[in-house]
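The structure appears below as structure tokens.
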Amino acid sequence: MKRITLHILLLVALLVPSCVGTDVGNPQDEQANVELEVAGYTETRSGALTLEDGLRIDTAWIVLSQFRFRSVDDCEDETLPYDVTDPVVVDLLADQPTYDAPLFTKPAGDYCKLDVGFSQVDADALPAGAPGELAGLSLFVEGARADGVEFRIEADLDDKFHLSGVLEDFELVGDQHLIVGFALDEWINESQLDNVSDQDPIVISSEENPEMMGSFKASIKRSARLFRDENNNRRLDANEKGQAIASSAQQNNPGTNGQNQNNGNNQSDDAGQP
Ligand SMILES: [Ca+2]
């Protein structure tokens, strides 16, 4: 009899701590698991893009890496290690992402910035479906002007930029899907393209039309915003587009397109954070 009681007591003693361990103080509760998508968007978009003025974008690929979320306590610290350094090669016109989305495990809490870097991709690392022209580049865009003259943008960027909380810091907690969205209709300066009369196709790269390249580079960074993927479908839906939580532009009007005429780059802006 005594022996049985002892066994029961032993069993209870073994079970109790394991029950407590899974219910209370679970470290999982204090972490944020973030899946980050990258997407192109316009107010209304589908496949190849025809923008309002008749400009067409047929191809748009981008390579990003060196992602880093900065918490409010480390907001000004430029020396923090990157969270994800592997390059992500993205077809910005694809309906569904075809890459492995970067995953982040961060302490739950308030964050003020997401750092993003452009990266170049080697020919042997090009994913299926990527155009061969993307090899050695960080961005490749192909399209045509309204009058049919084709243009091609070949950028070998290695810059970094950051997206700062819009109006306030943003919270990371639990399992979350976020999307870095590039507003494609803010990329091309049509008036500049229209001014070119003796080239077909018009090639914009660091060697050809470098002044257009400079302005294009600033536009890409300025067009980037961070969104919540509220319904976790890995796509930026209409209701999500209007609610950017972080942006690279020095403005406090989330999701507003084309209002910032500042042509400087955004490397050092702080989006009005105190
Ligand atoms: Ca969505």
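Labels used: A, B, ... for chains in the order of the structure tokens, numbers from 1 for residues in each chain, and numbers from 1 for ligands as shown.
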
Show which residues sit within 9 Å of region 174-176 of chain A, as a PDB file with N, CA and C atoms, in the first residue's frame. Count only C-alpha atoms, and ignore same-chain residues fewer than 5 positions away.
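Ended up saving to result_0.pdb:
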```pdb
ATOM      1  N   GLN A  28       8.116  31.348 -25.939  1.00  0.00           N
ATOM      2  CA  GLN A  28       7.491  31.580 -27.244  1.00  0.00           C
ATOM      3  C   GLN A  28       6.609  32.824 -27.230  1.00  0.00           C
ATOM      4  N   ASP A  29       5.997  33.100 -26.051  1.00  0.00           N
ATOM      5  CA  ASP A  29       5.084  34.229 -25.942  1.00  0.00           C
ATOM      6  C   ASP A  29       5.810  35.559 -26.118  1.00  0.00           C
ATOM      7  N   GLU A  30       7.101  35.543 -25.892  1.00  0.00           N
ATOM      8  CA  GLU A  30       7.837  36.800 -25.912  1.00  0.00           C
ATOM      9  C   GLU A  30       8.597  36.981 -27.217  1.00  0.00           C
ATOM     10  N   GLN A  31       8.293  36.139 -28.204  1.00  0.00           N
ATOM     11  CA  GLN A  31       8.993  36.260 -29.473  1.00  0.00           C
ATOM     12  C   GLN A  31       8.035  36.590 -30.594  1.00  0.00           C
ATOM     13  N   ALA A  32       8.583  37.218 -31.587  1.00  0.00           N
ATOM     14  CA  ALA A  32       7.811  37.473 -32.802  1.00  0.00           C
ATOM     15  C   ALA A  32       8.454  36.648 -33.911  1.00  0.00           C
ATOM     16  N   ASN A  33       7.638  35.889 -34.616  1.00  0.00           N
ATOM     17  CA  ASN A  33       8.117  35.132 -35.775  1.00  0.00           C
ATOM     18  C   ASN A  33       7.555  35.810 -37.015  1.00  0.00           C
ATOM     19  N   VAL A  34       8.440  36.465 -37.734  1.00  0.00           N
ATOM     20  CA  VAL A  34       7.992  37.291 -38.856  1.00  0.00           C
ATOM     21  C   VAL A  34       8.400  36.659 -40.178  1.00  0.00           C
ATOM     22  N   GLU A  35       7.434  36.514 -41.071  1.00  0.00           N
ATOM     23  CA  GLU A  35       7.732  36.101 -42.438  1.00  0.00           C
ATOM     24  C   GLU A  35       7.599  37.356 -43.296  1.00  0.00           C
ATOM     25  N   LEU A  36       8.635  37.641 -44.064  1.00  0.00           N
ATOM     26  CA  LEU A  36       8.656  38.890 -44.819  1.00  0.00           C
ATOM     27  C   LEU A  36       8.565  38.632 -46.322  1.00  0.00           C
ATOM     28  N   ALA A 108       9.612  40.005 -29.024  1.00  0.00           N
ATOM     29  CA  ALA A 108       8.377  40.763 -29.242  1.00  0.00           C
ATOM     30  C   ALA A 108       8.548  42.173 -28.674  1.00  0.00           C
ATOM     31  N   ARG A 228       1.397  45.319 -43.335  1.00  0.00           N
ATOM     32  CA  ARG A 228       0.998  44.075 -42.682  1.00  0.00           C
ATOM     33  C   ARG A 228       0.168  43.259 -43.679  1.00  0.00           C
ATOM     34  N   ASP A 229       0.479  41.968 -43.769  1.00  0.00           N
ATOM     35  CA  ASP A 229      -0.334  41.062 -44.571  1.00  0.00           C
ATOM     36  C   ASP A 229      -1.413  40.513 -43.637  1.00  0.00           C
ATOM     37  N   GLU A 230      -2.487  41.286 -43.513  1.00  0.00           N
ATOM     38  CA  GLU A 230      -3.494  41.012 -42.485  1.00  0.00           C
ATOM     39  C   GLU A 230      -4.118  39.616 -42.628  1.00  0.00           C
ATOM     40  N   ASN A 232      -2.710  37.021 -44.230  1.00  0.00           N
ATOM     41  CA  ASN A 232      -1.677  35.989 -44.405  1.00  0.00           C
ATOM     42  C   ASN A 232      -1.761  35.229 -45.730  1.00  0.00           C
TER      43      ASN A 232
END
```

Can you tell me which residues surround region 65-68 of chain A at a distance of at most 12 Å, considering only C-alpha atoms, apart from same-chain residues fewer than 3 positions away, and format the answer as JSON, numbers by chain? {"A": [34, 35, 36, 37, 38, 62, 71, 74, 75, 77, 78, 79, 80, 81, 82, 83, 84, 85, 86, 87, 88, 89, 90, 101, 102, 103, 104, 105, 106, 111, 112, 113, 114, 115, 116, 117, 118, 119, 120, 121, 138, 157, 158, 159, 160, 161, 162, 163, 164, 180]}

7 Å from ligand 1 is the threshold here; counting only C-alpha atoms and all ligand atoms, which polymer residues fall inside it? Answer as a ChimeraX atom specification. /A:229-237,240

Can you list, as a list in words, all residues belonging to region 194-227 of chain A that DSSP tags as strand (DSSP E or B)?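 Those residues are Ile202, Val203, Ile204, Ala224, Arg225, Leu226 and Phe227 of chain A.
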
Could you give me, as a ChimeraX atom specification, the residues within 10 Å of Glu150 (chain A), counting only C-alpha atoms and dropping anything in the same chain fewer than 3 positions from it? /A:55-57,142-147,199-203

Can those selected residues be exported to a file as an mmCIF file, in the first residue's frame so that it contains N, CA and C atoms?
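What follows is the written file again28.cif:
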```cif
data_model
loop_
_atom_site.group_PDB
_atom_site.id
_atom_site.type_symbol
_atom_site.label_atom_id
_atom_site.label_comp_id
_atom_site.auth_asym_id
_atom_site.auth_seq_id
_atom_site.Cartn_x
_atom_site.Cartn_y
_atom_site.Cartn_z
ATOM 1 N N LEU A 55 2.450 54.119 -70.216
ATOM 2 C CA LEU A 55 3.751 53.468 -70.030
ATOM 3 C C LEU A 55 3.516 52.029 -69.593
ATOM 4 N N ARG A 56 4.304 51.109 -70.132
ATOM 5 C CA ARG A 56 4.083 49.695 -69.830
ATOM 6 C C ARG A 56 5.303 49.087 -69.153
ATOM 7 N N ILE A 57 5.085 48.304 -68.121
ATOM 8 C CA ILE A 57 6.180 47.542 -67.504
ATOM 9 C C ILE A 57 5.898 46.067 -67.726
ATOM 10 N N GLU A 142 11.938 45.952 -67.701
ATOM 11 C CA GLU A 142 11.756 46.061 -69.143
ATOM 12 C C GLU A 142 10.354 46.578 -69.408
ATOM 13 N N GLY A 143 10.226 47.463 -70.376
ATOM 14 C CA GLY A 143 8.889 47.959 -70.688
ATOM 15 C C GLY A 143 8.912 48.801 -71.934
ATOM 16 N N ALA A 144 7.854 49.573 -72.116
ATOM 17 C CA ALA A 144 7.766 50.425 -73.300
ATOM 18 C C ALA A 144 7.017 51.705 -72.966
ATOM 19 N N ARG A 145 7.411 52.769 -73.648
ATOM 20 C CA ARG A 145 6.707 54.036 -73.545
ATOM 21 C C ARG A 145 5.366 53.929 -74.251
ATOM 22 N N ALA A 146 4.510 54.896 -74.040
ATOM 23 C CA ALA A 146 3.184 54.874 -74.683
ATOM 24 C C ALA A 146 3.312 54.812 -76.207
ATOM 25 N N ASP A 147 4.395 55.413 -76.750
ATOM 26 C CA ASP A 147 4.560 55.420 -78.206
ATOM 27 C C ASP A 147 5.250 54.155 -78.724
ATOM 28 N N GLN A 199 16.991 57.141 -79.056
ATOM 29 C CA GLN A 199 17.387 55.796 -78.594
ATOM 30 C C GLN A 199 16.171 54.874 -78.605
ATOM 31 N N ASP A 200 16.374 53.658 -79.097
ATOM 32 C CA ASP A 200 15.324 52.652 -79.063
ATOM 33 C C ASP A 200 15.979 51.285 -79.167
ATOM 34 N N PRO A 201 16.052 50.521 -78.118
ATOM 35 C CA PRO A 201 15.485 50.820 -76.807
ATOM 36 C C PRO A 201 16.308 51.845 -76.022
ATOM 37 N N ILE A 202 15.661 52.455 -75.044
ATOM 38 C CA ILE A 202 16.360 53.347 -74.122
ATOM 39 C C ILE A 202 16.920 52.480 -72.998
ATOM 40 N N VAL A 203 18.234 52.494 -72.838
ATOM 41 C CA VAL A 203 18.848 51.691 -71.773
ATOM 42 C C VAL A 203 19.283 52.618 -70.648
#
```

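Note that CA of Asp110 (chain A) and CA of Asp169 (chain A) are 6.1 Å apart.
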
Work out how far apart CA of Ala155 (chain A) and CA of Lys217 (chain A) are and give it in Å to one decimal.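 Atom-to-atom, CA of Ala155 (chain A) to CA of Lys217 (chain A), that is 8.4 Å.
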